[in-house]
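Peer 1: Handing you this structure, nothing more for now.
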Amino acid sequence: MAKTKEQTLAWLRTISGELSTATIKRLDATLPWYGDMPPGRRSAVGLVAQQGIKSFIQWYDDPTTTTWIAADVFGSAPRELLRSVSLQQTLQLIRVVVEVVEDRVANGDQTLREAILLYSREIAFAAADVYARAAEARGLWDARLEALVVDSILSGEYDDELPSRIAALGWHGHGEVSVLVGTTPRQLDVDQLRRTARHVNADVLIGVQGGRLVLVIGRAQPSTGATVEGANGTATAPLPTGEVQDAVGSASAPALSFLDIATQLEPGFGPGHLVLGHEVPSLVEASRSAKAALAGFAVARAWRNAPRPMLADDLLPERALAGDPLARSTLVNRVYRPLQDQSPELMTTLWCYLDNGRSLEATARELFVHPNTVRYRLKRVTQVIGWDATGAREALILQSALILGSMNDHDGPGSRR
């Protein structure tokens with residue numbers, strides 16, 4: 001004779017304690033991660049399982065309480081438990097609870113078994129909703145924290161909390177860092193930028209400053225797992241298969257220059273100029289690269305055929321004319337002082353060559369030397385400072401450096417022999 005619903009409810013309430021005990025035993029026997037938890041964490045998981053059984057009995061009594069399932073079951077869990085137990089583990093927990101209840105009511109009526117299946121579906125969807133909301137909240141928090149870190153880098157206003165904030169963002173960069181500045185596209189695809197960076201073995205911090213899009217770029221260590229910080233300490237979470245293949249593939253590839261990385265990231269920016277700051281040794285020094293990139297971005301329109309991306313150091317003359325003190329000191333320290341310390345002969349030859357419209361013959365006549373001697377000295381200039389005076393753009397950079405250096409040097413190269 002079939003039981004009435006009231007009799008079934010009374011029976012379920014009677015065996016609820018027995019079901020809870022059986023569930024805890026099966027969790028310990030079938031789920032290795034449950035046995036590896038500390039006692040306090042296992043107790044919290046057991047409490048969730050017991051609450052699930054209690055919630056099922058309440059739901060069976062009144063199925064209209066579906067909307068409160070998540071609050072009933074997960075509301076009893078400590079917040080840190082939801083952060084340390086993955087969605088996959090939660091679904092495994094739900095499966096064990098359902099299996100225990102199904103085994104106990106195997107000889108029950110069909111209506112009760114169907115109710116168990118329906119409830120398990122509802123609780124699985126409720127669990128997915130809880131984790132989806134948590135992931136969304138985490139994403140919003142990460143975005144705000146990332147914006148705060150990028151703002152700190154751009155302003156150069158560091159505090160003692162910056163390293164911990166960077167670590168909280170999961171920054172995988174190491175060693176040198178460079179800052180890339182361009183225009184914000186109409187539809188910014190942050191995920192695509194991160195995927196592109198991962199493909200070239202780099203990590204990025206992304207910030208939007210009105211119409212400017214700022215990327216802080218660092219070379220990343222390829223890994224088959226992501227390090228995460230939980231209540232139990234540090235753990236390594238496996239990456240999805242596609243990301244593991246990306247990481248393995250990038251591990252064997254040679255390290256790209258920051259200009260090459262910026263070229264790969266270029267499609268993620270809006271139309272207009274794209275300026276890459278110089279390399280700095282570490283992330284905490286990235287403000288120097290950011291200042292150079294921002295200063296270059298402000299004057300990039302003055303370079304008629306500027307490449308995309310371009311180096312901020314290739315805009316040193318325009319930046320110096322705009323009053324950028326960093327550009328002025330860079331020109332003097334990287335061009336004027338090294339030549340001055342190396343050889344007055346090289347300095348004089350460069351001055352003459354630039355003043356004579358980059359003509360070897362005119363320079364040779366003025367200096368009373370052979371044109372091959374001028375070629376040799378210009379080659380030595382390139383070896384000393386890294387820029388080639390025979391190129392039109394680089395000649396502008398060198399002439400700007402000589403002018404700025406001689407303005408504060410009474411014995412400078414303007415007093416020719």
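Residues are named by chain letter and number: chains run A, B, ... in the order of the structure tokens, numbers start at 1 in each chain, and ligands are numbered from 1 in the order shown.
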So which residues touch Arg319 of chain A within 9 Å, counting only C-alpha atoms, skipping near sequence neighbours fewer than 4 positions away, as a list in words?
Peer 2: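 Close residues of Arg319 of chain A: Ala292, Ala295, Gly296, Ala298, Val299, Ala300, Ala312, Leu315, Gly323, Asp324, Pro325, Leu326, Ala327 and Arg328 of chain A.
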Peer 1: Could you please take those selected residues and save C-alpha atoms as a tab-separated table (two decimals), in the first residue's frame?
Peer 2:
chain	number	residue	atom	x	y	z
A	292	ALA	CA	57.86	58.26	-21.46
A	295	ALA	CA	54.77	61.97	-23.25
A	296	GLY	CA	55.41	60.33	-26.61
A	298	ALA	CA	50.99	63.38	-26.58
A	299	VAL	CA	53.34	64.49	-29.39
A	300	ALA	CA	53.18	61.51	-31.75
A	312	ALA	CA	58.87	56.60	-27.11
A	315	LEU	CA	60.06	60.70	-30.25
A	323	GLY	CA	59.14	70.53	-22.57
A	324	ASP	CA	59.53	66.93	-21.39
A	325	PRO	CA	62.48	67.03	-18.94
A	326	LEU	CA	62.91	63.25	-19.16
A	327	ALA	CA	63.41	63.47	-22.93
A	328	ARG	CA	65.94	66.28	-22.57
Peer 1: Write out as a PyMOL selection string each polymer residue whose atoms come within 10 Å of Gln209 of chain A, counting only C-alpha atoms; drop sequence neighbours fewer than 5 positions from it.
Peer 2: chain A and resi 147+150-151+154+181+183-184+214
Peer 1: Looking only at alpha helix (DSSP H) from DSSP on the backbone, list the matching residues of segment 279-343 of chain A as a PyMOL selection string.
Peer 2: chain A and resi 286-299+316-321+325-331+337-342
Peer 1: Identify, on the basis of only C-alpha atoms, every residue whose closest approach to Ala362 of chain A does not exceed 10 Å; exclude the query and any residue fewer than 6 positions from it along the same chain; express the result as a list of chain:residue names.
Peer 2: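 Everything that qualifies: A:Cys352, A:Tyr353, A:Asp355, A:Asn356, A:Phe368, A:Pro371.
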Peer 1: Please list as a list in words every residue within 10 Å of Val381 of chain A, counting only C-alpha atoms and excluding residues in the same chain fewer than 2 positions away.
Peer 2: Val335, Pro338, Leu339, Gln342, Ser343, Leu346, Met347, Thr349, Leu350, Arg375, Tyr376, Arg377, Leu378, Lys379, Gln383, Val384, Ile385, Gly386, Trp387, Asp388 and Ala389 of chain A
Peer 1: Output N, CA and C atoms for every residue in that selection, as a PDB file, in the first residue's frame.
Peer 2:
ATOM      1  N   VAL A 335      73.462  60.604 -25.691  1.00  0.00           N
ATOM      2  CA  VAL A 335      74.137  60.998 -26.929  1.00  0.00           C
ATOM      3  C   VAL A 335      75.292  61.956 -26.632  1.00  0.00           C
ATOM      4  N   PRO A 338      78.096  60.687 -23.750  1.00  0.00           N
ATOM      5  CA  PRO A 338      78.982  59.604 -24.203  1.00  0.00           C
ATOM      6  C   PRO A 338      79.948  60.036 -25.306  1.00  0.00           C
ATOM      7  N   LEU A 339      79.487  60.851 -26.254  1.00  0.00           N
ATOM      8  CA  LEU A 339      80.386  61.321 -27.307  1.00  0.00           C
ATOM      9  C   LEU A 339      81.441  62.268 -26.753  1.00  0.00           C
ATOM     10  N   GLN A 342      83.903  60.139 -25.020  1.00  0.00           N
ATOM     11  CA  GLN A 342      84.625  59.215 -25.890  1.00  0.00           C
ATOM     12  C   GLN A 342      85.734  59.908 -26.678  1.00  0.00           C
ATOM     13  N   SER A 343      85.332  60.973 -27.446  1.00  0.00           N
ATOM     14  CA  SER A 343      86.342  61.617 -28.300  1.00  0.00           C
ATOM     15  C   SER A 343      85.813  62.934 -28.848  1.00  0.00           C
ATOM     16  N   LEU A 346      85.088  62.652 -32.602  1.00  0.00           N
ATOM     17  CA  LEU A 346      83.801  62.100 -33.034  1.00  0.00           C
ATOM     18  C   LEU A 346      82.707  63.150 -32.930  1.00  0.00           C
ATOM     19  N   MET A 347      82.741  63.915 -31.850  1.00  0.00           N
ATOM     20  CA  MET A 347      81.735  64.957 -31.647  1.00  0.00           C
ATOM     21  C   MET A 347      81.801  65.982 -32.780  1.00  0.00           C
ATOM     22  N   THR A 349      83.074  65.664 -35.787  1.00  0.00           N
ATOM     23  CA  THR A 349      82.683  65.055 -37.063  1.00  0.00           C
ATOM     24  C   THR A 349      81.168  64.976 -37.175  1.00  0.00           C
ATOM     25  N   LEU A 350      80.497  64.592 -36.103  1.00  0.00           N
ATOM     26  CA  LEU A 350      79.034  64.487 -36.139  1.00  0.00           C
ATOM     27  C   LEU A 350      78.395  65.854 -36.356  1.00  0.00           C
ATOM     28  N   ARG A 375      83.382  58.374 -42.947  1.00  0.00           N
ATOM     29  CA  ARG A 375      82.556  57.159 -42.806  1.00  0.00           C
ATOM     30  C   ARG A 375      82.977  56.355 -41.582  1.00  0.00           C
ATOM     31  N   TYR A 376      84.259  56.216 -41.375  1.00  0.00           N
ATOM     32  CA  TYR A 376      84.752  55.456 -40.233  1.00  0.00           C
ATOM     33  C   TYR A 376      84.324  56.094 -38.912  1.00  0.00           C
ATOM     34  N   ARG A 377      84.477  57.427 -38.845  1.00  0.00           N
ATOM     35  CA  ARG A 377      84.110  58.118 -37.598  1.00  0.00           C
ATOM     36  C   ARG A 377      82.595  58.015 -37.326  1.00  0.00           C
ATOM     37  N   LEU A 378      81.786  58.121 -38.377  1.00  0.00           N
ATOM     38  CA  LEU A 378      80.333  57.991 -38.192  1.00  0.00           C
ATOM     39  C   LEU A 378      79.966  56.577 -37.729  1.00  0.00           C
ATOM     40  N   LYS A 379      80.691  55.591 -38.243  1.00  0.00           N
ATOM     41  CA  LYS A 379      80.465  54.227 -37.777  1.00  0.00           C
ATOM     42  C   LYS A 379      80.816  54.102 -36.305  1.00  0.00           C
ATOM     43  N   GLN A 383      78.506  53.031 -32.972  1.00  0.00           N
ATOM     44  CA  GLN A 383      78.906  52.034 -31.989  1.00  0.00           C
ATOM     45  C   GLN A 383      78.831  52.575 -30.571  1.00  0.00           C
ATOM     46  N   VAL A 384      79.105  53.877 -30.423  1.00  0.00           N
ATOM     47  CA  VAL A 384      79.118  54.473 -29.084  1.00  0.00           C
ATOM     48  C   VAL A 384      77.716  54.735 -28.559  1.00  0.00           C
ATOM     49  N   ILE A 385      76.843  55.278 -29.405  1.00  0.00           N
ATOM     50  CA  ILE A 385      75.528  55.730 -28.917  1.00  0.00           C
ATOM     51  C   ILE A 385      74.355  54.902 -29.419  1.00  0.00           C
ATOM     52  N   GLY A 386      74.582  54.053 -30.427  1.00  0.00           N
ATOM     53  CA  GLY A 386      73.506  53.187 -30.890  1.00  0.00           C
ATOM     54  C   GLY A 386      72.622  53.753 -31.975  1.00  0.00           C
ATOM     55  N   TRP A 387      72.747  55.018 -32.311  1.00  0.00           N
ATOM     56  CA  TRP A 387      71.965  55.628 -33.380  1.00  0.00           C
ATOM     57  C   TRP A 387      72.857  55.889 -34.591  1.00  0.00           C
ATOM     58  N   ASP A 388      72.283  55.738 -35.783  1.00  0.00           N
ATOM     59  CA  ASP A 388      73.013  55.900 -37.031  1.00  0.00           C
ATOM     60  C   ASP A 388      72.718  57.283 -37.618  1.00  0.00           C
ATOM     61  N   ALA A 389      73.711  58.124 -37.694  1.00  0.00           N
ATOM     62  CA  ALA A 389      73.528  59.497 -38.160  1.00  0.00           C
ATOM     63  C   ALA A 389      73.179  59.583 -39.641  1.00  0.00           C
TER      64      ALA A 389
END
Peer 1: Using only C-alpha atoms, which of the listed residues (A:Gln264, A:Gln50, A:Ser406, A:Ser120) sits closest to Arg198 of chain A?
Peer 2: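 Using only C-alpha atoms, Arg198 of chain A sits closest to A:Gln264.
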Peer 1: Please give the complete set of residues from segment 144-385 of chain A that DSSP, run on the backbone, assigns to strand (DSSP E), formatted as number ranges by chain.
Peer 2: A: 173-183, 202-209, 212-220, 225-230, 233-238, 275-276, 310-311
Peer 1: Quick one: everything within 12 Å of Trp351 of chain A, counting only C-alpha atoms, minus sequence neighbours fewer than 4 positions away in the same chain. Send it as a PyMOL selection string.
Peer 2: chain A and resi 336+339-340+344-347+355-359+363+366-367+374+377-378+381+389+395-396+398-403+406+412-417
